[in-house]
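> Structure file protein_29.txt (compact mmCIF, C-alpha atoms) is given on the next line.
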```
# COMPACT_ATOMS: atom_id res chain seq x y z
CA VAL Z 1 -92.45 14.65 43.74
CA MET Z 2 -92.79 18.29 44.73
CA ALA Z 3 -96.58 18.15 44.34
CA VAL Z 4 -96.73 15.20 46.73
CA TRP Z 5 -94.25 16.71 49.16
CA SER Z 6 -95.95 20.13 49.30
CA ARG Z 7 -99.63 19.87 48.51
CA PRO Z 8 -101.45 22.98 47.26
CA ASP Z 9 -103.82 24.76 49.58
CA VAL Z 10 -107.49 25.41 49.02
CA ALA Z 11 -106.95 28.78 47.34
CA ILE Z 12 -104.60 27.29 44.70
CA LEU Z 13 -106.98 24.40 44.04
CA ARG Z 14 -109.77 26.91 43.54
CA ARG Z 15 -107.68 28.76 40.96
CA TRP Z 16 -106.78 25.51 39.20
CA ARG Z 17 -110.47 24.70 38.75
CA ILE Z 18 -110.62 27.78 36.55
CA ASP Z 19 -107.15 27.93 34.99
CA ILE Z 20 -106.72 24.29 33.91
CA PRO Z 21 -110.01 23.74 32.02
CA CYS Z 22 -110.32 27.32 30.74
CA LEU Z 23 -106.71 28.09 29.76
CA LEU Z 24 -104.21 25.24 29.99
CA LEU Z 25 -106.14 22.40 28.33
CA PRO Z 26 -107.51 24.52 25.43
CA MET Z 27 -104.04 25.92 24.62
CA LEU Z 28 -102.38 22.48 24.73
CA ALA Z 29 -105.14 21.02 22.58
CA LEU Z 30 -104.64 23.86 20.10
CA TYR Z 31 -100.88 23.14 20.11
CA ALA Z 32 -101.50 19.43 19.42
CA VAL Z 33 -103.76 20.24 16.47
CA LEU Z 34 -101.56 22.91 14.92
CA ALA Z 35 -98.26 21.01 15.44
CA ALA Z 36 -99.55 18.09 13.38
CA HIS Z 37 -99.14 20.06 10.14
CA ALA Z 38 -96.46 22.56 11.19
CA THR Z 39 -92.90 22.87 9.98
CA GLU Z 40 -89.94 22.62 12.33
CA ALA Z 41 -89.79 26.41 12.74
CA GLN Z 42 -93.53 26.61 13.27
CA THR Z 43 -93.38 23.86 15.91
CA PHE Z 44 -90.73 25.82 17.80
CA PHE Z 45 -92.92 28.95 17.62
CA LEU Z 46 -95.99 27.05 18.80
CA SER Z 47 -94.05 25.61 21.73
CA ALA Z 48 -92.85 29.07 22.66
CA THR Z 49 -96.33 30.65 22.60
CA LEU Z 50 -98.78 27.88 23.54
CA GLY Z 51 -96.42 26.32 26.09
CA PHE Z 52 -94.58 29.23 27.66
CA VAL Z 53 -97.49 31.66 28.05
CA PRO Z 54 -99.57 29.32 30.26
CA CYS Z 55 -96.46 28.62 32.38
CA VAL Z 56 -95.96 32.30 33.14
CA TYR Z 57 -99.66 32.88 33.76
CA CYS Z 58 -100.02 29.95 36.15
CA ALA Z 59 -96.77 30.89 37.92
CA VAL Z 60 -98.20 34.33 38.64
CA ARG Z 61 -101.57 32.92 39.68
CA SER Z 62 -100.57 29.80 41.63
CA GLY Z 63 -96.85 30.09 42.37
CA TRP Z 64 -94.31 27.38 41.67
CA ARG Z 65 -96.98 24.66 41.95
CA GLY Z 66 -98.93 26.14 39.06
CA ALA Z 67 -95.76 26.54 37.04
CA GLY Z 68 -94.77 22.92 37.75
CA VAL Z 69 -98.16 21.55 36.70
CA THR Z 70 -98.18 23.66 33.53
CA VAL Z 71 -94.61 22.76 32.49
CA SER Z 72 -95.30 19.05 33.09
CA ALA Z 73 -98.50 19.15 31.02
CA ALA Z 74 -96.80 21.06 28.18
CA THR Z 75 -93.83 18.66 28.17
CA LEU Z 76 -96.12 15.62 28.01
CA THR Z 77 -98.10 17.21 25.20
CA VAL Z 78 -94.95 17.86 23.16
CA ALA Z 79 -93.75 14.30 23.78
CA TRP Z 80 -97.12 12.84 22.80
CA ARG Z 81 -97.15 14.95 19.65
CA ALA Z 82 -93.63 13.70 18.74
CA ALA Z 83 -94.66 10.10 19.33
CA MET Z 84 -97.57 10.60 16.95
CA ASP Z 85 -95.62 12.08 14.01
CA GLY Z 86 -92.05 10.87 14.75
CA ASN Z 87 -90.49 14.33 14.37
CA THR Z 88 -87.83 14.03 17.07
CA ASP Z 89 -85.69 16.99 15.94
CA SER Z 90 -88.41 19.56 16.48
CA THR Z 91 -89.42 17.79 19.66
CA VAL Z 92 -85.93 18.12 21.16
CA GLU Z 93 -85.88 21.84 20.37
CA ALA Z 94 -89.36 22.32 21.80
CA GLN Z 95 -88.45 20.38 24.95
CA GLY Z 96 -85.27 22.43 25.32
CA LEU Z 97 -87.30 25.63 25.07
CA LEU Z 98 -89.79 24.32 27.64
CA ALA Z 99 -86.93 23.36 29.96
CA VAL Z 100 -85.56 26.92 29.91
CA ALA Z 101 -89.03 28.47 30.07
CA GLY Z 102 -90.07 26.05 32.81
CA SER Z 103 -87.05 26.91 34.96
CA ALA Z 104 -87.81 30.60 34.61
CA SER Z 105 -91.46 29.94 35.42
CA LEU Z 106 -90.54 27.96 38.53
CA LEU Z 107 -88.32 30.79 39.75
CA LEU Z 108 -91.10 33.29 39.04
CA GLY Z 109 -93.58 31.05 40.84
CA ALA Z 110 -91.28 30.67 43.86
CA THR Z 111 -90.97 34.47 44.02
CA GLN Z 112 -94.72 34.79 43.76
CA ASP Z 113 -95.18 32.25 46.56
CA ALA Z 114 -92.84 34.27 48.75
CA LEU Z 115 -94.92 37.36 48.02
CA PHE Z 116 -98.12 35.45 48.83
CA SER Z 117 -96.61 34.23 52.08
CA SER Z 118 -95.45 37.73 53.02
CA GLN Z 119 -98.87 39.14 52.22
CA ARG Z 120 -100.60 36.50 54.35
CA GLU Z 121 -98.23 37.20 57.24
CA LEU Z 122 -98.81 40.92 56.81
CA ASP Z 123 -102.57 40.37 56.76
CA ARG Z 124 -102.32 38.24 59.89
CA ARG Z 125 -100.29 40.89 61.69
CA ASN Z 126 -102.67 43.60 60.51
CA THR Z 127 -105.56 41.58 61.87
CA HIS Z 128 -103.82 41.25 65.22
CA LEU Z 129 -102.94 44.95 65.15
CA VAL Z 130 -106.51 45.93 64.38
CA ALA Z 131 -107.72 43.71 67.22
CA ALA Z 132 -105.14 45.24 69.58
CA VAL Z 133 -106.13 48.76 68.55
CA ALA Z 134 -109.79 47.86 69.07
CA ARG Z 135 -108.99 46.57 72.56
CA GLN Z 136 -106.98 49.69 73.37
CA THR Z 137 -109.80 51.88 72.09
CA HIS Z 138 -112.29 49.95 74.20
CA LEU Z 139 -110.09 50.28 77.27
CA ALA Z 140 -109.59 53.99 76.63
CA ALA Z 141 -113.34 54.45 76.33
CA GLU Z 142 -113.86 52.57 79.59
CA LEU Z 143 -111.21 54.75 81.24
CA ARG Z 144 -112.90 57.92 80.00
CA ASP Z 145 -116.27 56.68 81.20
CA ALA Z 146 -114.85 55.82 84.62
CA ALA Z 147 -113.20 59.22 84.89
CA ARG Z 148 -116.45 60.91 83.87
CA ARG Z 149 -118.40 58.96 86.46
CA ASN Z 150 -115.86 59.83 89.16
CA LEU Z 151 -115.87 63.53 88.34
CA ASP Z 152 -119.64 63.57 87.96
CA LEU Z 153 -119.95 61.96 91.38
CA SER Z 154 -117.47 64.49 92.78
CA GLU Z 155 -119.54 67.37 91.41
CA GLN Z 156 -122.72 65.85 92.82
CA VAL Z 157 -121.07 65.61 96.24
CA ARG Z 158 -119.91 69.21 95.92
CA ARG Z 159 -123.45 70.32 95.07
CA TRP Z 160 -124.85 68.39 98.01
CA ILE Z 161 -122.27 69.82 100.45
CA THR Z 162 -122.87 73.32 99.07
CA SER Z 163 -126.59 72.95 99.51
CA GLU Z 164 -126.22 71.64 103.06
CA LEU Z 165 -123.79 74.38 104.05
CA HIS Z 166 -126.01 77.05 102.58
CA ASP Z 167 -129.27 75.73 103.98
CA GLU Z 168 -128.13 74.58 107.41
CA ILE Z 169 -124.99 76.39 108.53
CA GLY Z 170 -125.65 79.55 106.54
CA GLN Z 171 -129.20 79.92 107.83
CA ASN Z 172 -128.18 79.12 111.40
CA LEU Z 173 -125.42 81.73 111.30
CA THR Z 174 -127.89 84.27 109.97
CA ALA Z 175 -130.30 83.41 112.77
CA LEU Z 176 -127.51 83.76 115.34
CA GLN Z 177 -126.52 87.14 113.98
CA THR Z 178 -130.12 88.29 114.21
CA ARG Z 179 -130.40 87.15 117.81
CA VAL Z 180 -127.08 88.84 118.69
CA ARG Z 181 -128.39 92.14 117.29
CA LEU Z 182 -131.54 91.77 119.37
CA LEU Z 183 -129.38 91.01 122.38
CA GLU Z 184 -127.27 94.11 121.74
CA ARG Z 185 -130.37 96.29 121.87
CA LYS Z 186 -131.44 94.81 125.20
CA ALA Z 187 -127.99 94.45 126.80
CA ASN Z 188 -126.43 96.99 129.09
CA VAL Z 189 -123.23 98.87 128.41
CA GLU Z 190 -121.01 96.32 130.18
CA ASP Z 191 -122.21 93.52 127.94
CA SER Z 192 -121.99 95.46 124.67
CA GLU Z 193 -118.33 94.60 124.11
CA LEU Z 194 -119.06 90.88 124.52
CA THR Z 195 -121.93 90.95 122.05
CA ALA Z 196 -119.77 92.92 119.61
CA GLU Z 197 -117.12 90.23 119.76
CA ILE Z 198 -119.77 87.55 119.16
CA ALA Z 199 -121.08 89.48 116.17
CA THR Z 200 -117.58 89.85 114.75
CA THR Z 201 -116.93 86.12 115.13
CA LEU Z 202 -120.22 85.29 113.41
CA THR Z 203 -119.35 87.64 110.56
CA ARG Z 204 -116.01 85.88 110.08
CA MET Z 205 -117.72 82.51 110.15
CA ARG Z 206 -120.20 83.62 107.49
CA SER Z 207 -117.34 84.92 105.36
CA ALA Z 208 -115.47 81.62 105.72
CA VAL Z 209 -118.58 79.63 104.84
CA SER Z 210 -119.20 81.90 101.85
CA GLY Z 211 -115.64 81.31 100.62
CA LEU Z 212 -116.04 77.58 101.11
CA LEU Z 213 -119.30 77.62 99.16
CA SER Z 214 -117.63 79.53 96.35
CA SER Z 215 -114.77 77.03 96.15
CA LEU Z 216 -117.08 74.02 96.25
CA ARG Z 217 -119.51 75.32 93.66
CA PRO Z 218 -118.75 78.61 91.90
CA ALA Z 219 -121.51 81.14 92.20
CA GLY Z 220 -123.33 81.78 88.95
CA LEU Z 221 -122.06 78.70 87.08
CA ASP Z 222 -125.37 76.83 87.30
CA ASP Z 223 -127.59 79.87 86.84
CA LEU Z 224 -125.55 82.19 84.59
CA GLY Z 225 -123.27 79.74 82.79
CA LEU Z 226 -119.58 79.29 82.14
CA ALA Z 227 -119.00 82.62 80.37
CA PHE Z 228 -120.10 84.64 83.41
CA ALA Z 229 -118.20 82.37 85.83
CA LEU Z 230 -114.95 82.87 83.90
CA ARG Z 231 -115.34 86.62 83.40
CA ASP Z 232 -116.69 87.71 86.79
CA GLY Z 233 -116.71 84.67 89.07
CA ALA Z 234 -114.56 83.27 91.82
CA ILE Z 235 -111.46 82.87 89.62
CA ARG Z 236 -111.30 86.62 89.01
CA SER Z 237 -111.75 87.35 92.71
CA PHE Z 238 -109.10 84.84 93.68
CA VAL Z 239 -106.54 86.06 91.12
CA GLU Z 240 -107.08 89.76 91.77
CA ALA Z 241 -106.95 89.21 95.54
CA ALA Z 242 -103.47 87.74 95.01
CA GLY Z 243 -102.39 90.96 93.24
CA LEU Z 244 -102.43 89.67 89.63
CA ARG Z 245 -104.13 91.27 86.66
CA TYR Z 246 -106.89 89.04 85.28
CA ASP Z 247 -108.12 89.06 81.68
CA ALA Z 248 -110.87 86.79 80.39
CA SER Z 249 -112.25 86.70 76.85
CA ILE Z 250 -115.10 84.56 75.52
CA ASP Z 251 -115.38 84.06 71.76
CA ASP Z 252 -118.72 82.38 71.06
CA PRO Z 253 -120.44 83.98 68.05
CA SER Z 254 -122.93 81.14 67.54
CA ASP Z 255 -123.94 80.89 71.23
CA ALA Z 256 -122.79 77.26 71.31
CA LEU Z 257 -121.47 77.48 74.86
CA GLY Z 258 -124.93 77.60 76.40
CA ARG Z 259 -125.88 74.42 74.54
CA LEU Z 260 -123.09 72.39 76.13
CA ASP Z 261 -124.06 70.15 79.00
CA VAL Z 262 -123.55 71.61 82.48
CA ASN Z 263 -121.03 68.85 83.29
CA VAL Z 264 -118.89 69.93 80.33
CA GLN Z 265 -119.05 73.56 81.43
CA THR Z 266 -118.14 72.54 84.99
CA THR Z 267 -115.15 70.50 83.75
CA LEU Z 268 -113.87 73.42 81.65
CA TYR Z 269 -114.29 75.74 84.63
CA ARG Z 270 -112.38 73.37 86.93
CA ILE Z 271 -109.50 73.21 84.44
CA ALA Z 272 -109.27 77.01 84.35
CA GLN Z 273 -109.63 77.17 88.14
CA GLU Z 274 -106.81 74.66 88.73
CA ALA Z 275 -104.55 76.45 86.25
CA ALA Z 276 -105.23 79.76 87.99
CA THR Z 277 -104.48 78.20 91.39
CA ASN Z 278 -101.14 76.89 90.13
CA THR Z 279 -100.27 80.32 88.73
CA VAL Z 280 -101.03 82.14 91.96
CA ARG Z 281 -99.16 79.61 94.10
CA HIS Z 282 -96.06 78.93 92.03
CA ALA Z 283 -95.62 81.19 88.99
CA ARG Z 284 -94.78 84.56 90.61
CA ALA Z 285 -96.66 86.13 87.71
CA ALA Z 286 -98.15 89.58 87.21
CA ARG Z 287 -100.87 88.60 84.76
CA LEU Z 288 -103.21 85.70 84.08
CA ARG Z 289 -105.23 85.45 80.88
CA VAL Z 290 -108.08 83.02 80.15
CA ARG Z 291 -109.42 82.63 76.63
CA LEU Z 292 -112.38 80.45 75.65
CA ARG Z 293 -113.38 79.95 72.03
CA VAL Z 294 -116.37 77.88 70.90
CA ARG Z 295 -117.34 77.07 67.32
CA ARG Z 296 -120.30 75.02 66.21
CA ASP Z 297 -121.06 73.37 62.88
CA ALA Z 298 -123.57 70.81 61.67
CA LEU Z 299 -121.68 67.90 63.21
CA ALA Z 300 -120.02 69.06 66.43
CA SER Z 301 -119.11 71.83 68.82
CA HIS Z 302 -115.39 72.68 68.96
CA VAL Z 303 -114.00 74.15 72.19
CA LEU Z 304 -110.62 75.76 72.81
CA LEU Z 305 -109.65 76.78 76.35
CA ALA Z 306 -106.31 78.55 76.81
CA VAL Z 307 -104.84 79.77 80.10
CA ASP Z 308 -101.48 81.56 80.13
CA ASP Z 309 -99.41 83.68 82.50
CA ASP Z 310 -96.16 85.65 82.43
CA GLY Z 311 -94.55 83.89 85.38
CA CYS Z 312 -91.26 82.09 85.86
CA GLY Z 313 -92.40 78.82 84.33
CA PHE Z 314 -91.56 75.32 85.50
CA ASP Z 315 -90.14 72.00 84.36
CA ALA Z 316 -93.18 70.10 83.06
CA THR Z 317 -91.32 66.78 83.31
CA ALA Z 318 -90.31 67.26 86.93
CA ASN Z 319 -93.80 68.34 87.91
CA ALA Z 320 -95.62 65.65 85.96
CA ALA Z 321 -96.84 63.99 89.16
CA GLY Z 322 -98.21 67.20 90.72
CA ILE Z 323 -101.75 66.94 92.02
CA GLY Z 324 -102.88 70.06 90.17
CA LEU Z 325 -101.56 68.98 86.77
CA ALA Z 326 -102.83 65.44 87.34
CA GLY Z 327 -106.29 66.83 88.03
CA ILE Z 328 -106.16 68.88 84.83
CA ARG Z 329 -105.09 65.85 82.79
CA ASP Z 330 -107.85 63.72 84.32
CA ARG Z 331 -110.47 66.30 83.40
CA VAL Z 332 -109.13 66.59 79.85
CA VAL Z 333 -109.44 62.79 79.57
CA THR Z 334 -113.10 63.00 80.59
CA LEU Z 335 -113.69 65.50 77.79
CA GLY Z 336 -111.95 63.24 75.28
CA GLY Z 337 -109.82 66.26 74.42
CA ARG Z 338 -106.16 67.08 73.86
CA LEU Z 339 -103.91 68.92 76.30
CA ARG Z 340 -100.90 70.98 75.26
CA MET Z 341 -98.70 72.71 77.78
CA ARG Z 342 -95.60 74.84 77.31
CA SER Z 343 -93.59 76.46 80.07
CA GLY Z 344 -90.38 78.44 80.22
CA ALA Z 345 -88.95 81.86 80.97
CA PHE Z 346 -91.82 83.43 78.98
CA GLY Z 347 -94.37 81.89 81.38
CA THR Z 348 -96.75 78.99 81.14
CA ARG Z 349 -99.39 78.32 78.48
CA LEU Z 350 -102.01 75.60 78.85
CA GLN Z 351 -104.30 74.77 75.96
CA VAL Z 352 -107.20 72.31 75.87
CA ARG Z 353 -109.02 71.33 72.69
CA ALA Z 354 -112.19 69.25 72.73
CA GLU Z 355 -114.90 68.31 70.30
CA PHE Z 356 -118.45 67.33 71.23
CA PRO Z 357 -120.85 65.72 68.73
CA GLY Z 358 -124.07 67.65 68.23
CA ASP Z 359 -125.12 70.68 70.20
CA THR Z 360 -124.81 69.07 73.62
CA TRP Z 361 -122.73 66.41 75.33
CA ASN Z 362 -124.00 64.64 78.39
CA PHE Z 363 -121.96 62.56 80.80
CA SER Z 364 -124.94 60.45 81.80
CA SER Z 365 -125.71 59.44 78.23
CA ARG Z 366 -122.28 57.77 77.93
CA GLN Z 367 -122.16 55.99 81.25
```
Could I get this file's structure written as structure tokens?

Amino acid sequence: VMAVWSRPDVAILRRWRIDIPCLLLPMLALYAVLAAHATEAQTFFLSATLGFVPCVYCAVRSGWRGAGVTVSAATLTVAWRAAMDGNTDSTVEAQGLLAVAGSASLLLGATQDALFSSQRELDRRNTHLVAAVARQTHLAAELRDAARRNLDLSEQVRRWITSELHDEIGQNLTALQTRVRLLERKANVEDSELTAEIATTLTRMRSAVSGLLSSLRPAGLDDLGLAFALRDGAIRSFVEAAGLRYDASIDDPSDALGRLDVNVQTTLYRIAQEAATNTVRHARAARLRVRLRVRRDALASHVLLAVDDDGCGFDATANAAGIGLAGIRDRVVTLGGRLRMRSGAFGTRLQVRAEFPGDTWNFSSRQ
């Protein structure tokens, strides 16, 4: 009745194709042969071994269905053997043993079925979890690629604006200054004050354009690299002009920094630049320190950028939506790195760790 009510699945049927002809039928046939000439005690022993052992085995392999099939087959074999030799006393004892053993086997099989069911449910959930993780990983990769494209486009626009300012406005201002000097030589005394004012205005304009060029594209980053830009570039000038002491250290014994793609170097520079800007504007600090460490092995280049100050600190939770911190986080995402930030009465410490496969890492190769 139970077999009809709850039919076995394909996996159980596959096991039965092996267990029934290879184990159950040979053991029952051996029982039938040996019980024909066995004493009452021997019949009980044969029932216990050749009947109970297959029940336990099939219960473990196929659950309560396997135990039910095995107990039924063993019971029928014992009954057939009793009908053949008429030994009802030993048959009753053997059937009683099989009844107890069969009940235990059914309970064991039911427990095994519950374990099978739990394992299948766990496998199903793991499959869904793996698929969800794969989707999240894919989305995260798409987000990183989009952020890289946006920042790469931003840097391209900065380069273009820098080039235009330098080539057009810068050259025109230089030409104007030259003409004003020529005019000063030819002008009379009354006009000399006017030309001096024009020259002063042009000098201020050139200084403003030079500062704008430096902020758009730091001088020396493309030609001299990130190490020079951090040690002696615009960040140092900006910090020292605000009255802070600036310390920069570059730890790169294997010269791996120069092998990094220029976009990676630019992103690291922008992170340090934004951190320095936040320090000057908000921290009321006396010192700013930038530390860059690069290590390279056979598989990847490992970069650590740390920026810390001795200012008043801030509440990182309250300032989570700040534009400066958001820009830093976005750039860390493009690097595929990890950002750690601590702030308190001791000051603020920002640390970025990133790892780049091989000697170089190119934005364009991942777009």
> Which one is closest to Val332 in chain Z: Z:Asp315, Z:Asp252, Z:Asp297, Z:Glu355? Count all atoms listed in the file.
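Counting all atoms listed in the file, the residue closest to Val332 in chain Z is Z:Glu355.
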> Could you tell me how far CA of Asp251 in chain Z lies from CA of Val294 in chain Z, in Å and to one decimal?
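CA of Asp251 in chain Z sits 6.3 Å away from CA of Val294 in chain Z.
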> I need the residue nearest Arg231 in chain Z from this list: Z:Leu244, Z:Val209, Z:Ala283, Z:Ala272. Use only C-alpha atoms for the distance.
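Of all the options, Z:Ala272 lies closest to Arg231 in chain Z.
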> I'd like the neighbourhood of range 241-243 of chain Z as a PyMOL selection string, where a residue qualifies if any of its atoms comes within 9 Å (using all atoms listed in the file), though same-chain residues fewer than 5 positions away should be ignored.
chain Z and resi 236+280+286-287
> Restricting the calculation to all atoms listed in the file: of Z:Ala227, Z:Ala298, Z:Leu50, Z:Ala140, which residue gets closest to Gln265 in chain Z?
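Smallest separation from Gln265 in chain Z among the options: Z:Ala227.
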> Determine the nearest neighbour of Gly258 in chain Z from the options Z:Ala276, Z:Leu224, Z:Val239, Z:Ala326, counting only C-alpha atoms.
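Of Z:Ala276, Z:Leu224, Z:Val239, Z:Ala326, the one nearest Gly258 in chain Z is Z:Leu224, counting only C-alpha atoms.
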> State, in Å with one decimal place, the distance from CA of Arg270 in chain Z to CA of His302 in chain Z.
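For CA of Arg270 in chain Z relative to CA of His302 in chain Z, the distance reads 18.2 Å.
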> May I ask for the distance between CA of Leu299 in chain Z and CA of Arg340 in chain Z, given in Å to one decimal place?
24.2 Å
> Compare Z:Gly102, Z:Pro54, Z:Gly324, Z:Gly96 by their minimum atom-to-atom distance to Gly68 in chain Z, counting all atoms listed in the file, and give me the closest one.
Z:Gly102
> Let me make sure I understand: among Z:Arg15, Z:Arg281, Z:Arg7, Z:Arg291, which one has the smallest atom-to-atom distance to Ser62 in chain Z if we use only C-alpha atoms?
Z:Arg15
> Would you list the residues near (-111.8, 63.0, 74.4), meaning any protein, DNA or RNA residue with an atom at most 9 Å from that point in file coordinates, counting only C-alpha atoms, as a PyMOL selection string?
chain Z and resi 141+144+332-338+353-356
> Give me the residues near Ala345 in chain Z as number ranges by chain, where near means some atom within 10 Å (using only C-alpha atoms) and where sequence neighbours in that chain fewer than 2 positions away do not count.
Z: 310-314, 343, 347-348
> Keeping C-alpha atoms for every residue in the selection just given, could you write it to a file as a compact mmCIF listing (two decimals), in the coordinates of the input?

```
# COMPACT_ATOMS: atom_id res chain seq x y z
CA ASP Z 310 -96.16 85.65 82.43
CA GLY Z 311 -94.55 83.89 85.38
CA CYS Z 312 -91.26 82.09 85.86
CA GLY Z 313 -92.40 78.82 84.33
CA PHE Z 314 -91.56 75.32 85.50
CA SER Z 343 -93.59 76.46 80.07
CA GLY Z 347 -94.37 81.89 81.38
CA THR Z 348 -96.75 78.99 81.14
```
